[in-house]
file start-v2.pdb (PDB, C-alpha atoms)
ATOM      1  CA  MET A   1       0.000   0.000   0.000
ATOM      2  CA  SER A   2       1.460   3.352  -1.022
ATOM      3  CA  ALA A   3       1.041   6.736   0.646
ATOM      4  CA  THR A   4       2.391  10.245   0.286
ATOM      5  CA  VAL A   5       4.930  11.300   2.896
ATOM      6  CA  ARG A   6       6.959  14.436   3.497
ATOM      7  CA  ILE A   7      10.613  14.513   4.548
ATOM      8  CA  ARG A   8      11.804  17.297   6.829
ATOM      9  CA  HIS A   9      15.006  18.026   8.734
ATOM     10  CA  ARG A  10      14.808  19.735  12.103
ATOM     11  CA  ASP A  11      17.275  20.090  14.960
ATOM     12  CA  GLY A  12      19.409  17.202  13.737
ATOM     13  CA  LEU A  13      16.416  14.902  13.192
ATOM     14  CA  TRP A  14      14.842  13.662   9.963
ATOM     15  CA  ILE A  15      11.066  13.339   9.946
ATOM     16  CA  ILE A  16       9.272  11.138   7.414
ATOM     17  CA  ALA A  17       5.523  11.389   7.860
ATOM     18  CA  PRO A  18       2.159  11.487   6.115
ATOM     19  CA  ASP A  19       0.414  14.834   6.632
ATOM     20  CA  GLY A  20      -1.171  15.063  10.071
ATOM     21  CA  ALA A  21       0.408  11.859  11.389
ATOM     22  CA  PRO A  22       1.540  11.796  15.032
ATOM     23  CA  THR A  23       5.260  11.588  15.822
ATOM     24  CA  VAL A  24       7.357  11.218  18.958
ATOM     25  CA  LEU A  25       8.110  14.932  18.679
ATOM     26  CA  ASP A  26       4.547  15.809  19.658
ATOM     27  CA  SER A  27       4.239  17.426  23.085
ATOM     28  CA  ALA A  28       2.256  14.472  24.451
ATOM     29  CA  ALA A  29       1.369  11.129  22.909
ATOM     30  CA  GLY A  30      -2.315  10.515  22.279
ATOM     31  CA  ILE A  31      -3.839   7.408  23.819
ATOM     32  CA  ASP A  32      -4.282   5.879  20.345
ATOM     33  CA  VAL A  33      -0.694   6.332  19.115
ATOM     34  CA  LEU A  34       1.372   3.200  18.435
ATOM     35  CA  VAL A  35       5.063   3.792  19.127
ATOM     36  CA  LEU A  36       7.908   1.496  18.096
ATOM     37  CA  GLU A  37      11.556   2.148  18.891
ATOM     38  CA  VAL A  38      13.620   1.124  15.871
ATOM     39  CA  VAL A  39      17.254   1.186  14.804
ATOM     40  CA  GLY A  40      18.155   4.851  14.436
ATOM     41  CA  GLY A  41      14.819   6.323  15.512
ATOM     42  CA  HIS A  42      11.114   5.740  16.196
ATOM     43  CA  LEU A  43       8.026   4.816  14.190
ATOM     44  CA  THR A  44       4.490   5.919  15.079
ATOM     45  CA  TRP A  45       0.996   5.190  13.777
ATOM     46  CA  SER A  46      -2.447   6.575  14.636
ATOM     47  CA  LEU A  47      -4.626   3.631  15.630
ATOM     48  CA  LEU A  48      -7.939   5.475  15.451
ATOM     49  CA  GLY A  49      -6.894   7.056  12.159
ATOM     50  CA  GLY A  50      -6.348   3.628  10.600
ATOM     51  CA  GLN A  51      -2.815   4.689   9.671
ATOM     52  CA  VAL A  52      -0.818   1.869   8.050
ATOM     53  CA  THR A  53       2.126   3.865   6.691
ATOM     54  CA  PRO A  54       4.091   5.003   9.745
ATOM     55  CA  ALA A  55       5.638   8.323  10.593
ATOM     56  CA  ALA A  56       9.356   8.124  11.372
ATOM     57  CA  VAL A  57      11.644  10.342  13.413
ATOM     58  CA  ILE A  58      15.236   9.445  12.582
ATOM     59  CA  ASP A  59      18.150  10.411  14.821
ATOM     60  CA  ASP A  60      20.782   8.283  13.040
ATOM     61  CA  ARG A  61      20.254   8.386   9.289
ATOM     62  CA  ALA A  62      23.062   5.942   8.471
ATOM     63  CA  LEU A  63      21.718   3.234  10.783
ATOM     64  CA  ALA A  64      18.101   3.770   9.667
ATOM     65  CA  GLN A  65      19.020   3.249   6.011
ATOM     66  CA  ASP A  66      19.266  -0.470   6.768
ATOM     67  CA  TRP A  67      15.452  -0.642   6.975
ATOM     68  CA  ILE A  68      13.986   2.571   5.496
ATOM     69  CA  TRP A  69      13.766   0.954   2.057
ATOM     70  CA  ALA A  70      11.828  -2.005   3.486
ATOM     71  CA  VAL A  71       9.187   0.158   5.213
ATOM     72  CA  PHE A  72       9.001   3.233   2.955
ATOM     73  CA  GLY A  73      10.468   2.006  -0.333
ATOM     74  CA  ALA A  74      13.512   2.837  -2.446
ATOM     75  CA  GLU A  75      12.330   6.327  -3.439
ATOM     76  CA  VAL A  76      12.076   7.487   0.155
ATOM     77  CA  ALA A  77      15.335   5.768   1.147
ATOM     78  CA  LEU A  78      17.205   7.529  -1.670
ATOM     79  CA  ALA A  79      15.534  10.859  -0.899
ATOM     80  CA  LEU A  80      16.509  10.587   2.774
ATOM     81  CA  ASP A  81      20.104   9.765   1.837
ATOM     82  CA  GLU A  82      20.348  12.742  -0.519
ATOM     83  CA  PHE A  83      18.008  15.107   1.324
ATOM     84  CA  GLY A  84      18.992  18.718   0.807
ATOM     85  CA  GLY A  85      15.856  20.729   1.464
ATOM     86  CA  GLY A  86      14.522  20.810  -2.109
ATOM     87  CA  ARG A  87      11.711  18.416  -2.961
ATOM     88  CA  THR A  88       9.992  17.225   0.218
ATOM     89  CA  GLU A  89       7.017  15.115  -0.943
ATOM     90  CA  PHE A  90       7.506  11.477  -1.944
ATOM     91  CA  THR A  91       5.552   8.277  -2.470
ATOM     92  CA  ALA A  92       6.117   5.640   0.218
ATOM     93  CA  ALA A  93       5.648   2.063  -1.022
ATOM     94  CA  PRO A  94       7.259  -0.576   1.214
ATOM     95  CA  ALA A  95       9.681  -2.902  -0.525
ATOM     96  CA  LEU A  96       8.812  -5.575   2.058
ATOM     97  CA  PRO A  97       5.096  -5.004   2.742
ATOM     98  CA  GLU A  98       4.741  -8.035   5.013
ATOM     99  CA  LEU A  99       7.601  -6.789   7.190
ATOM    100  CA  ALA A 100       6.070  -3.305   7.276
ATOM    101  CA  ALA A 101       2.734  -4.810   8.355
ATOM    102  CA  ARG A 102       4.420  -6.838  11.086
ATOM    103  CA  ALA A 103       6.121  -3.686  12.338
ATOM    104  CA  TRP A 104       2.632  -2.161  12.696
ATOM    105  CA  ARG A 105       1.537  -5.298  14.496
ATOM    106  CA  LEU A 106       4.488  -5.084  16.884
ATOM    107  CA  GLY A 107       3.680  -1.446  17.551
ATOM    108  CA  TYR A 108       0.059  -2.437  18.209
ATOM    109  CA  ALA A 109       1.120  -5.192  20.626
ATOM    110  CA  HIS A 110       3.224  -2.696  22.581
ATOM    111  CA  TRP A 111       0.256  -0.291  22.536
ATOM    112  CA  ALA A 112      -2.053  -3.003  23.878
ATOM    113  CA  ALA A 113       0.365  -3.663  26.740
ATOM    114  CA  ARG A 114      -0.003  -0.004  27.778
ATOM    115  CA  TRP A 115      -3.434   1.191  26.694
ATOM    116  CA  TRP A 116      -5.793  -1.808  26.426
ATOM    117  CA  PRO A 117      -9.009  -0.552  28.117
ATOM    118  CA  ALA A 118      -9.782  -3.585  30.268
ATOM    119  CA  SER A 119     -13.054  -3.038  32.111
ATOM    120  CA  THR A 120     -15.381  -5.266  34.058
ATOM    121  CA  LEU A 121     -17.987  -2.501  34.021
ATOM    122  CA  ASP A 122     -17.862  -2.196  30.214
ATOM    123  CA  GLY A 123     -17.340  -5.899  29.526
ATOM    124  CA  ILE A 124     -13.882  -5.562  27.935
ATOM    125  CA  ALA A 125     -11.737  -8.500  28.975
ATOM    126  CA  PRO A 126      -8.118  -7.968  30.017
ATOM    127  CA  LEU A 127      -5.321  -9.375  27.893
ATOM    128  CA  ASP A 128      -3.176 -12.216  29.188
ATOM    129  CA  ALA A 129       0.156 -10.525  29.985
ATOM    130  CA  ARG A 130       2.199 -13.654  29.291
ATOM    131  CA  LEU A 131       0.605 -14.302  25.902
ATOM    132  CA  LEU A 132       1.128 -10.668  24.983
ATOM    133  CA  ALA A 133       4.784 -10.691  26.082
ATOM    134  CA  ASP A 134       5.419 -13.898  24.129
ATOM    135  CA  GLU A 135       3.907 -12.412  20.972
ATOM    136  CA  ILE A 136       5.904  -9.214  21.356
ATOM    137  CA  ALA A 137       9.049 -11.329  21.591
ATOM    138  CA  ALA A 138       8.084 -13.340  18.487
ATOM    139  CA  LEU A 139       7.213 -10.223  16.491
ATOM    140  CA  SER A 140      10.464  -8.584  17.569
ATOM    141  CA  GLU A 141      12.348 -11.507  16.032
ATOM    142  CA  GLU A 142      10.308 -11.256  12.826
ATOM    143  CA  CYS A 143      11.066  -7.515  12.693
ATOM    144  CA  GLU A 144      14.746  -7.920  13.540
ATOM    145  CA  LEU A 145      15.791  -5.874  10.483
ATOM    146  CA  ILE A 146      13.881  -2.916  11.905
ATOM    147  CA  VAL A 147      14.188  -3.214  15.688
ATOM    148  CA  ASP A 148      17.331  -5.360  16.184
ATOM    149  CA  GLY A 149      16.884  -5.200  19.957
ATOM    150  CA  ALA A 150      15.997  -1.490  20.002
ATOM    151  CA  ASP A 151      12.479  -2.188  21.273
ATOM    152  CA  ALA A 152      12.919  -5.033  23.730
ATOM    153  CA  PRO A 153       9.868  -6.927  25.021
ATOM    154  CA  PRO A 154       8.619  -5.780  28.441
ATOM    155  CA  ALA A 155      10.429  -7.623  31.200
ATOM    156  CA  GLU A 156       7.933  -7.114  33.997
ATOM    157  CA  GLU A 157       5.341  -9.797  34.633
ATOM    158  CA  HIS A 158       2.502  -9.805  37.140
ATOM    159  CA  GLU A 159       0.779 -12.733  38.736
ATOM    160  CA  ILE A 160      -2.865 -12.834  37.685
ATOM    161  CA  ALA A 161      -5.125 -12.683  40.692
ATOM    162  CA  ASP A 162      -8.137 -14.955  41.072
ATOM    163  CA  VAL A 163     -10.902 -12.387  41.458
ATOM    164  CA  PRO A 164     -14.615 -12.217  40.652
ATOM    165  CA  THR A 165     -15.509 -10.838  37.238
ATOM    166  CA  ARG A 166     -19.249 -10.147  37.362
ATOM    167  CA  ALA A 167     -19.922  -6.622  36.143
ATOM    168  CA  GLU A 168     -22.916  -6.327  38.466
ATOM    169  CA  ASP A 169     -20.719  -6.916  41.519
ATOM    170  CA  TYR A 170     -18.334  -4.169  40.461
ATOM    171  CA  ALA A 171     -21.161  -1.779  39.648
ATOM    172  CA  LEU A 172     -22.586  -2.293  43.117
ATOM    173  CA  ALA A 173     -19.154  -1.778  44.640
ATOM    174  CA  ALA A 174     -18.639   1.394  42.623
ATOM    175  CA  GLY A 175     -21.954   2.658  43.953
ATOM    176  CA  LEU A 176     -20.674   2.565  47.540
ATOM    177  CA  ALA A 177     -20.119   6.335  47.368
ATOM    178  CA  THR A 178     -23.492   6.829  49.032
ATOM    179  CA  ALA A 179     -24.724   7.578  52.534
ATOM    180  CA  ALA A 180     -24.523   5.471  55.649
ATOM    181  CA  PRO A 181     -27.512   5.471  58.056
ATOM    182  CA  GLY A 182     -27.909   8.907  59.616
ATOM    183  CA  GLU A 183     -25.908  10.677  56.887
ATOM    184  CA  LEU A 184     -27.178  13.224  54.393
ATOM    185  CA  VAL A 185     -26.001  13.076  50.768
ATOM    186  CA  LEU A 186     -25.435  16.587  49.432
ATOM    187  CA  ALA A 187     -24.110  15.615  45.983
ATOM    188  CA  ARG A 188     -22.860  12.544  44.153
ATOM    189  CA  GLY A 189     -21.621  11.538  40.727
ATOM    190  CA  THR A 190     -19.578   9.165  38.581
ATOM    191  CA  CYS A 191     -16.806   9.809  36.083
ATOM    192  CA  GLY A 192     -13.894   8.323  34.199
ATOM    193  CA  TRP A 193     -10.207   9.113  34.645
ATOM    194  CA  ASN A 194      -7.264  10.238  32.535
ATOM    195  CA  TRP A 195      -5.641   7.064  31.171
ATOM    196  CA  ARG A 196      -2.369   8.923  30.691
ATOM    197  CA  ARG A 197      -1.989   9.620  34.437
ATOM    198  CA  CYS A 198      -2.023   6.012  35.739
ATOM    199  CA  PRO A 199       0.055   2.939  34.840
ATOM    200  CA  PRO A 200      -1.636   0.101  32.950
ATOM    201  CA  GLY A 201      -3.654  -2.478  34.849
ATOM    202  CA  LEU A 202      -4.377  -0.282  37.857
ATOM    203  CA  LEU A 203      -7.957   1.011  37.396
ATOM    204  CA  ASP A 204     -10.982  -0.162  35.447
ATOM    205  CA  ALA A 205     -11.010   1.832  32.174
ATOM    206  CA  SER A 206     -14.751   2.612  32.247
ATOM    207  CA  GLU A 207     -16.199   6.118  32.340
ATOM    208  CA  ARG A 208     -18.161   4.799  35.363
ATOM    209  CA  ALA A 209     -15.106   3.553  37.248
ATOM    210  CA  VAL A 210     -14.916   6.500  39.664
ATOM    211  CA  SER A 211     -17.761   7.475  41.970
ATOM    212  CA  TRP A 212     -17.930  10.173  44.612
ATOM    213  CA  ALA A 213     -20.342  11.479  47.232
ATOM    214  CA  VAL A 214     -20.417  14.596  49.390
ATOM    215  CA  VAL A 215     -22.099  13.806  52.705
ATOM    216  CA  ARG A 216     -22.767  15.374  56.096
ATOM    217  CA  GLU A 217     -21.386  13.209  58.881
ATOM    218  CA  ALA A 218     -21.440  14.164  62.585
ATOM    219  CA  GLY A 219     -21.601  17.854  61.781
ATOM    220  CA  SER A 220     -18.850  17.723  59.158
ATOM    221  CA  THR A 221     -18.942  17.660  55.365
ATOM    222  CA  ILE A 222     -16.780  14.972  53.812
ATOM    223  CA  VAL A 223     -16.130  13.604  50.354
ATOM    224  CA  ARG A 224     -15.880   9.891  49.700
ATOM    225  CA  VAL A 225     -14.264   8.596  46.508
ATOM    226  CA  HIS A 226     -14.304   5.037  45.175
ATOM    227  CA  ALA A 227     -12.523   3.749  42.075
ATOM    228  CA  VAL A 228     -12.933   0.238  40.642
ATOM    229  CA  ALA A 229      -9.670  -1.660  40.256
ATOM    230  CA  ALA A 230      -8.724  -3.065  36.861
ATOM    231  CA  PRO A 231      -9.920  -6.625  36.271
ATOM    232  CA  LEU A 232      -7.415  -9.261  37.388
ATOM    233  CA  SER A 233      -5.101  -6.564  38.747
ATOM    234  CA  PRO A 234      -2.614  -7.514  41.492
ATOM    235  CA  THR A 235      -3.635  -6.376  44.959
ATOM    236  CA  ASP A 236      -0.072  -5.714  46.186
ATOM    237  CA  THR A 237       0.464  -2.406  44.399
ATOM    238  CA  PRO A 238       3.828  -0.832  45.354
ATOM    239  CA  PRO A 239       3.485   2.407  47.340
ATOM    240  CA  HIS A 240       4.923   4.572  44.553
ATOM    241  CA  LEU A 241       2.224   3.334  42.142
ATOM    242  CA  ARG A 242      -0.778   3.890  44.404
ATOM    243  CA  PRO A 243      -3.221   6.493  43.080
ATOM    244  CA  LEU A 244      -4.232   9.819  44.531
ATOM    245  CA  ALA A 245      -7.575  11.579  44.152
ATOM    246  CA  VAL A 246      -7.690  15.322  43.517
ATOM    247  CA  ILE A 247     -11.082  16.732  44.552
ATOM    248  CA  ARG A 248     -11.867  20.170  43.154
ATOM    249  CA  THR A 249     -14.600  22.747  43.554
ATOM    250  CA  ALA A 250     -14.902  26.134  41.887
ATOM    251  CA  THR A 251     -12.864  27.734  44.673
ATOM    252  CA  ASP A 252     -10.912  25.027  46.501
ATOM    253  CA  ALA A 253      -9.217  21.634  46.151
ATOM    254  CA  ALA A 254      -8.093  18.701  48.276
ATOM    255  CA  GLU A 255      -5.822  15.748  47.540
ATOM    256  CA  VAL A 256      -6.055  12.388  49.257
ATOM    257  CA  PRO A 257      -4.433   8.950  48.703
ATOM    258  CA  LEU A 258      -6.610   5.975  47.817
ATOM    259  CA  THR A 259      -6.267   2.631  49.570
ATOM    260  CA  ARG A 260      -7.187  -0.767  48.133
ATOM    261  CA  ASP A 261      -9.987  -2.762  49.746
ATOM    262  CA  GLY A 262     -10.734  -5.857  47.704
ATOM    263  CA  GLU A 263     -11.503  -4.671  44.190
ATOM    264  CA  ILE A 264     -12.159  -1.048  45.125
ATOM    265  CA  TRP A 265      -9.806   1.864  45.768
ATOM    266  CA  ASN A 266     -11.232   4.145  48.499
ATOM    267  CA  ALA A 267     -10.550   7.617  49.858
ATOM    268  CA  SER A 268     -12.294   9.972  52.279
ATOM    269  CA  THR A 269     -11.426  13.528  53.242
ATOM    270  CA  THR A 270     -12.852  16.753  54.626
ATOM    271  CA  ALA A 271     -14.721  18.433  51.799
ATOM    272  CA  PRO A 272     -13.090  21.456  50.157
ATOM    273  CA  THR A 273     -15.039  24.704  50.238
ATOM    274  CA  GLY A 274     -18.063  24.650  47.955
ATOM    275  CA  ALA A 275     -18.336  20.855  47.738
ATOM    276  CA  GLU A 276     -22.021  21.014  48.621
ATOM    277  CA  SER A 277     -22.671  22.068  45.018
ATOM    278  CA  GLY A 278     -20.684  19.157  43.592
ATOM    279  CA  VAL A 279     -17.053  18.363  42.857
ATOM    280  CA  THR A 280     -14.819  17.090  40.092
ATOM    281  CA  VAL A 281     -12.497  14.173  40.817
ATOM    282  CA  ASP A 282      -9.232  13.384  39.039
ATOM    283  CA  ILE A 283      -7.244  10.219  39.718
ATOM    284  CA  TYR A 284      -3.520  10.075  39.074
ATOM    285  CA  VAL A 285      -0.266   8.423  40.122
ATOM    286  CA  PRO A 286       2.576  10.867  40.818
ATOM    287  CA  GLY A 287       5.242  10.794  38.117
ATOM    288  CA  VAL A 288       3.064   9.016  35.546
ATOM    289  CA  GLY A 289       2.124  10.819  32.338
ATOM    290  CA  VAL A 290       1.787  14.546  31.784
ATOM    291  CA  ASP A 291      -0.704  16.832  33.453
ATOM    292  CA  GLU A 292      -1.981  18.363  30.232
ATOM    293  CA  PRO A 293      -5.557  18.166  28.947
ATOM    294  CA  GLU A 294      -6.073  16.009  25.864
ATOM    295  CA  PRO A 295      -8.694  17.439  23.479
ATOM    296  CA  ASP A 296     -11.898  15.374  23.465
ATOM    297  CA  ALA A 297     -10.310  12.873  25.864
ATOM    298  CA  ALA A 298     -13.580  11.145  26.831
ATOM    299  CA  THR A 299     -14.594  10.838  23.171
ATOM    300  CA  ARG A 300     -11.222   9.355  22.230
ATOM    301  CA  ARG A 301     -11.424   6.869  25.091
ATOM    302  CA  GLU A 302     -14.849   5.779  23.833
ATOM    303  CA  GLN A 303     -13.481   5.399  20.308
ATOM    304  CA  VAL A 304     -10.683   3.191  21.639
ATOM    305  CA  ARG A 305     -13.231   1.034  23.484
ATOM    306  CA  GLU A 306     -15.288   0.674  20.312
ATOM    307  CA  LEU A 307     -12.220  -0.264  18.284
ATOM    308  CA  VAL A 308     -10.971  -2.975  20.649
ATOM    309  CA  THR A 309     -14.507  -4.318  21.128
ATOM    310  CA  ALA A 310     -14.824  -4.645  17.348
ATOM    311  CA  ARG A 311     -11.457  -6.436  17.190
ATOM    312  CA  LEU A 312     -12.593  -8.897  19.870
ATOM    313  CA  ARG A 313     -15.866  -9.550  18.018
ATOM    314  CA  ARG A 314     -14.116 -10.452  14.780
ATOM    315  CA  THR A 315     -11.488 -12.795  16.233
ATOM    316  CA  ALA A 316     -13.541 -15.727  14.931
ATOM    317  CA  ASP A 317     -13.178 -14.415  11.359
ATOM    318  CA  GLY A 318      -9.456 -15.107  11.460
ATOM    319  CA  PRO A 319      -8.311 -12.467   8.947
ATOM    320  CA  ASP A 320      -4.846 -13.291   7.592
ATOM    321  CA  ASN A 321      -3.837  -9.654   7.053
ATOM    322  CA  PRO A 322      -1.087  -9.018   9.636
ATOM    323  CA  VAL A 323      -2.661  -5.639  10.465
ATOM    324  CA  GLU A 324      -6.188  -6.964  11.028
ATOM    325  CA  ALA A 325      -5.404 -10.412  12.435
ATOM    326  CA  PRO A 326      -5.974 -10.581  16.213
ATOM    327  CA  LEU A 327      -3.160 -11.046  18.658
ATOM    328  CA  LEU A 328      -3.083 -14.354  20.525
ATOM    329  CA  ALA A 329      -3.980 -12.454  23.693
ATOM    330  CA  GLU A 330      -7.019 -10.972  21.930
ATOM    331  CA  ILE A 331      -8.145 -14.429  20.806
ATOM    332  CA  ALA A 332      -7.890 -15.671  24.399
ATOM    333  CA  ALA A 333      -9.771 -12.619  25.717
ATOM    334  CA  ALA A 334     -12.597 -13.255  23.237
ATOM    335  CA  ALA A 335     -12.926 -16.947  24.090
ATOM    336  CA  PRO A 336     -16.541 -18.065  24.698
ATOM    337  CA  ASP A 337     -15.775 -19.170  28.272
ATOM    338  CA  SER A 338     -14.699 -15.658  29.292
ATOM    339  CA  ASP A 339     -16.843 -14.104  32.058
ATOM    340  CA  PHE A 340     -16.722 -10.810  30.178
TER
END
call {"tool": "encode", "arguments": {"input": "start-v2.pdb", "output": "structure tokens"}}
result
Amino acid sequence: MSATVRIRHRDGLWIIAPDGAPTVLDSAAGIDVLVLEVVGGHLTWSLLGGQVTPAAVIDDRALAQDWIWAVFGAEVALALDEFGGGRTEFTAAPALPELAARAWRLGYAHWAARWWPASTLDGIAPLDARLLADEIAALSEECELIVDGADAPPAEEHEIADVPTRAEDYALAAGLATAAPGELVLARGTCGWNWRRCPPGLLDASERAVSWAVVREAGSTIVRVHAVAAPLSPTDTPPHLRPLAVIRTATDAAEVPLTRDGEIWNASTTAPTGAESGVTVDIYVPGVGVDEPEPDAATRREQVRELVTARLRRTADGPDNPVEAPLLAEIAAAAPDSDF
């Protein structure tokens, strides 16, 4: 498959990209961007945009020439080698299309390890971490010409906990942000959370995963926050990866750590000024991601859910296109005996 790309040189880097394609030079990666570290640079694709031809940021042109021809074709490889700031638009047509497709697949597998929106509340099954790691390793070998060890498979493995998976149970648990006998509920609500601010496998990815309630208790106003844990997530989260809740009103804010109780993360604190009219709640882990708003974040999260749900539905079709064919972990997640 061919596509038009532009070649640019900036600050010692060469950029090869279709118009509008994301690159690693963007201020913050979108939640749908596939990123693959390669010899001499990085490749990126927009998952939601259906981008098959990658964008490349090259920091070592000589090393990258070993694979540029395979992914972008001879015309682009020659243009990069001779680039002098004249013509900038070229036709990319991979010389090894199957290898180029497997590079996309490897990028997608790495993306799934970070961004897969596992949710008991939304019925999206988690991916088996071991199956995913094994496939990343196999794809890395198949893409050796491109990665050659630059993008090593993730080394960290987690034990899968034996936990209940009924969505109704989690929904009831999430609804615990209510009143106890003798308490008065002043305001309550549910919301999602910024996927970029927490590590993978920590919280349920649903827009209903976080619930909060402002209540009067013994003459005081407090805010209770509950967040549903990710399905099959380990319960022994290290202290530096435990989430915090930021509770905001129009005029005040409070921050409180959450603690794990079964499959729910809980927090309670004295209400900030103005909480009686309602609050907003943000969940984050210090040091993870960037604290910058992503345009249409909730819409993009929903689009990601729809995309992965569609991929799970069509696993039975068994498409042989390397881009469309499901990962082994996706096939396992879509198995008929799954509780999801």
call {"tool": "closest_residue", "arguments": {"input": "start-v2.pdb", "among": "A:Glu306, A:Glu144, A:Asp19, A:Glu135", "to": "Gly123 of chain A", "atoms": "only C-alpha atoms"}}
result
A:Glu306
call {"tool": "closest_atom_pairs", "arguments": {"input": "start-v2.pdb", "of": "segment 236-289 of chain A", "to": "segment 188-201 of chain A", "cutoff": "10 Å", "atoms": "only C-alpha atoms", "output": "JSON lines"}}
result
{"residue": "A:Leu241", "atom": "CA", "partner": "A:Pro199", "partner_atom": "CA", "distance": 7.6}
{"residue": "A:Arg242", "atom": "CA", "partner": "A:Cys198", "partner_atom": "CA", "distance": 9.0}
{"residue": "A:Pro243", "atom": "CA", "partner": "A:Cys198", "partner_atom": "CA", "distance": 7.5}
{"residue": "A:Leu244", "atom": "CA", "partner": "A:Cys198", "partner_atom": "CA", "distance": 9.8}
{"residue": "A:Glu276", "atom": "CA", "partner": "A:Arg188", "partner_atom": "CA", "distance": 9.6}
{"residue": "A:Ser277", "atom": "CA", "partner": "A:Arg188", "partner_atom": "CA", "distance": 9.6}
{"residue": "A:Gly278", "atom": "CA", "partner": "A:Arg188", "partner_atom": "CA", "distance": 7.0}
{"residue": "A:Val279", "atom": "CA", "partner": "A:Arg188", "partner_atom": "CA", "distance": 8.3}
{"residue": "A:Thr280", "atom": "CA", "partner": "A:Cys191", "partner_atom": "CA", "distance": 8.5}
{"residue": "A:Val281", "atom": "CA", "partner": "A:Cys191", "partner_atom": "CA", "distance": 7.7}
{"residue": "A:Asp282", "atom": "CA", "partner": "A:Trp193", "partner_atom": "CA", "distance": 6.2}
{"residue": "A:Ile283", "atom": "CA", "partner": "A:Trp193", "partner_atom": "CA", "distance": 6.0}
{"residue": "A:Tyr284", "atom": "CA", "partner": "A:Arg197", "partner_atom": "CA", "distance": 4.9}
{"residue": "A:Val285", "atom": "CA", "partner": "A:Cys198", "partner_atom": "CA", "distance": 5.3}
{"residue": "A:Pro286", "atom": "CA", "partner": "A:Arg197", "partner_atom": "CA", "distance": 7.9}
{"residue": "A:Gly287", "atom": "CA", "partner": "A:Arg197", "partner_atom": "CA", "distance": 8.2}
{"residue": "A:Val288", "atom": "CA", "partner": "A:Arg197", "partner_atom": "CA", "distance": 5.2}
{"residue": "A:Gly289", "atom": "CA", "partner": "A:Arg197", "partner_atom": "CA", "distance": 4.8}
call {"tool": "atom_distance", "arguments": {"input": "start-v2.pdb", "atom1": "atom CA of His42 of chain A", "atom2": "atom CA of Gln303 of chain A"}}
result
24.9 Å
call {"tool": "residues_near_point", "arguments": {"input": "start-v2.pdb", "point": "(-8.1, -4.5, 33.2)", "cutoff": "9 Å", "atoms": "all atoms listed in the file", "output": "JSON, numbers by chain"}}
result
{"A": [116, 117, 118, 119, 120, 124, 125, 126, 127, 200, 201, 202, 203, 204, 205, 229, 230, 231, 232, 233]}
call {"tool": "residues_around", "arguments": {"input": "start-v2.pdb", "residues": "segment 250-254 of chain A", "least_positions_apart": "5", "cutoff": "7 Å", "atoms": "all atoms listed in the file", "output": "list in words"}}
result
Pro272, Thr273 and Gly274 of chain A
call {"tool": "axis_aligned_box", "arguments": {"input": "start-v2.pdb", "around": "segment 14-27 of chain A", "padding_each_side": "5 Å", "output": "AutoDock Vina command-line options"}}
result
--center_x 6.8 --center_y 14.3 --center_z 14.6 --size_x 26.0 --size_y 16.3 --size_z 27.0
call {"tool": "residues_around", "arguments": {"input": "start-v2.pdb", "residues": "Ala92 of chain A", "least_positions_apart": "4", "cutoff": "6 Å", "atoms": "only C-alpha atoms", "output": "JSON, numbers by chain"}}
result
{"A": [2, 3, 4, 72, 73]}
call {"tool": "atom_distance", "arguments": {"input": "start-v2.pdb", "atom1": "atom CA of Asn266 of chain A", "atom2": "atom CA of Ala245 of chain A"}}
result
9.4 Å
call {"tool": "resolve_selection", "arguments": {"input": "start-v2.pdb", "expression": "the PyMOL selection byres ((chain A and resi 313) around 12)", "output": "PDB file with C-alpha atoms, keeping the file's coordinate frame"}}
result
ATOM      1  CA  ILE A 124     -13.882  -5.562  27.935  1.00  0.00           C
ATOM      2  CA  ALA A 125     -11.737  -8.500  28.975  1.00  0.00           C
ATOM      3  CA  GLU A 306     -15.288   0.674  20.312  1.00  0.00           C
ATOM      4  CA  LEU A 307     -12.220  -0.264  18.284  1.00  0.00           C
ATOM      5  CA  VAL A 308     -10.971  -2.975  20.649  1.00  0.00           C
ATOM      6  CA  THR A 309     -14.507  -4.318  21.128  1.00  0.00           C
ATOM      7  CA  ALA A 310     -14.824  -4.645  17.348  1.00  0.00           C
ATOM      8  CA  ARG A 311     -11.457  -6.436  17.190  1.00  0.00           C
ATOM      9  CA  LEU A 312     -12.593  -8.897  19.870  1.00  0.00           C
ATOM     10  CA  ARG A 314     -14.116 -10.452  14.780  1.00  0.00           C
ATOM     11  CA  THR A 315     -11.488 -12.795  16.233  1.00  0.00           C
ATOM     12  CA  ALA A 316     -13.541 -15.727  14.931  1.00  0.00           C
ATOM     13  CA  ASP A 317     -13.178 -14.415  11.359  1.00  0.00           C
ATOM     14  CA  GLY A 318      -9.456 -15.107  11.460  1.00  0.00           C
ATOM     15  CA  ALA A 325      -5.404 -10.412  12.435  1.00  0.00           C
ATOM     16  CA  PRO A 326      -5.974 -10.581  16.213  1.00  0.00           C
ATOM     17  CA  GLU A 330      -7.019 -10.972  21.930  1.00  0.00           C
ATOM     18  CA  ILE A 331      -8.145 -14.429  20.806  1.00  0.00           C
ATOM     19  CA  ALA A 332      -7.890 -15.671  24.399  1.00  0.00           C
ATOM     20  CA  ALA A 333      -9.771 -12.619  25.717  1.00  0.00           C
ATOM     21  CA  ALA A 334     -12.597 -13.255  23.237  1.00  0.00           C
ATOM     22  CA  ALA A 335     -12.926 -16.947  24.090  1.00  0.00           C
ATOM     23  CA  PRO A 336     -16.541 -18.065  24.698  1.00  0.00           C
TER      24      PRO A 336
END
call {"tool": "atom_distance", "arguments": {"input": "start-v2.pdb", "atom1": "atom CA of Ile58 of chain A", "atom2": "atom CA of Ile15 of chain A"}}
result
6.3 Å
call {"tool": "closest_residue", "arguments": {"input": "start-v2.pdb", "among": "A:Arg105, A:Asp148, A:Thr91, A:Arg6", "to": "Asp66 of chain A", "atoms": "all atoms listed in the file"}}
result
A:Asp148
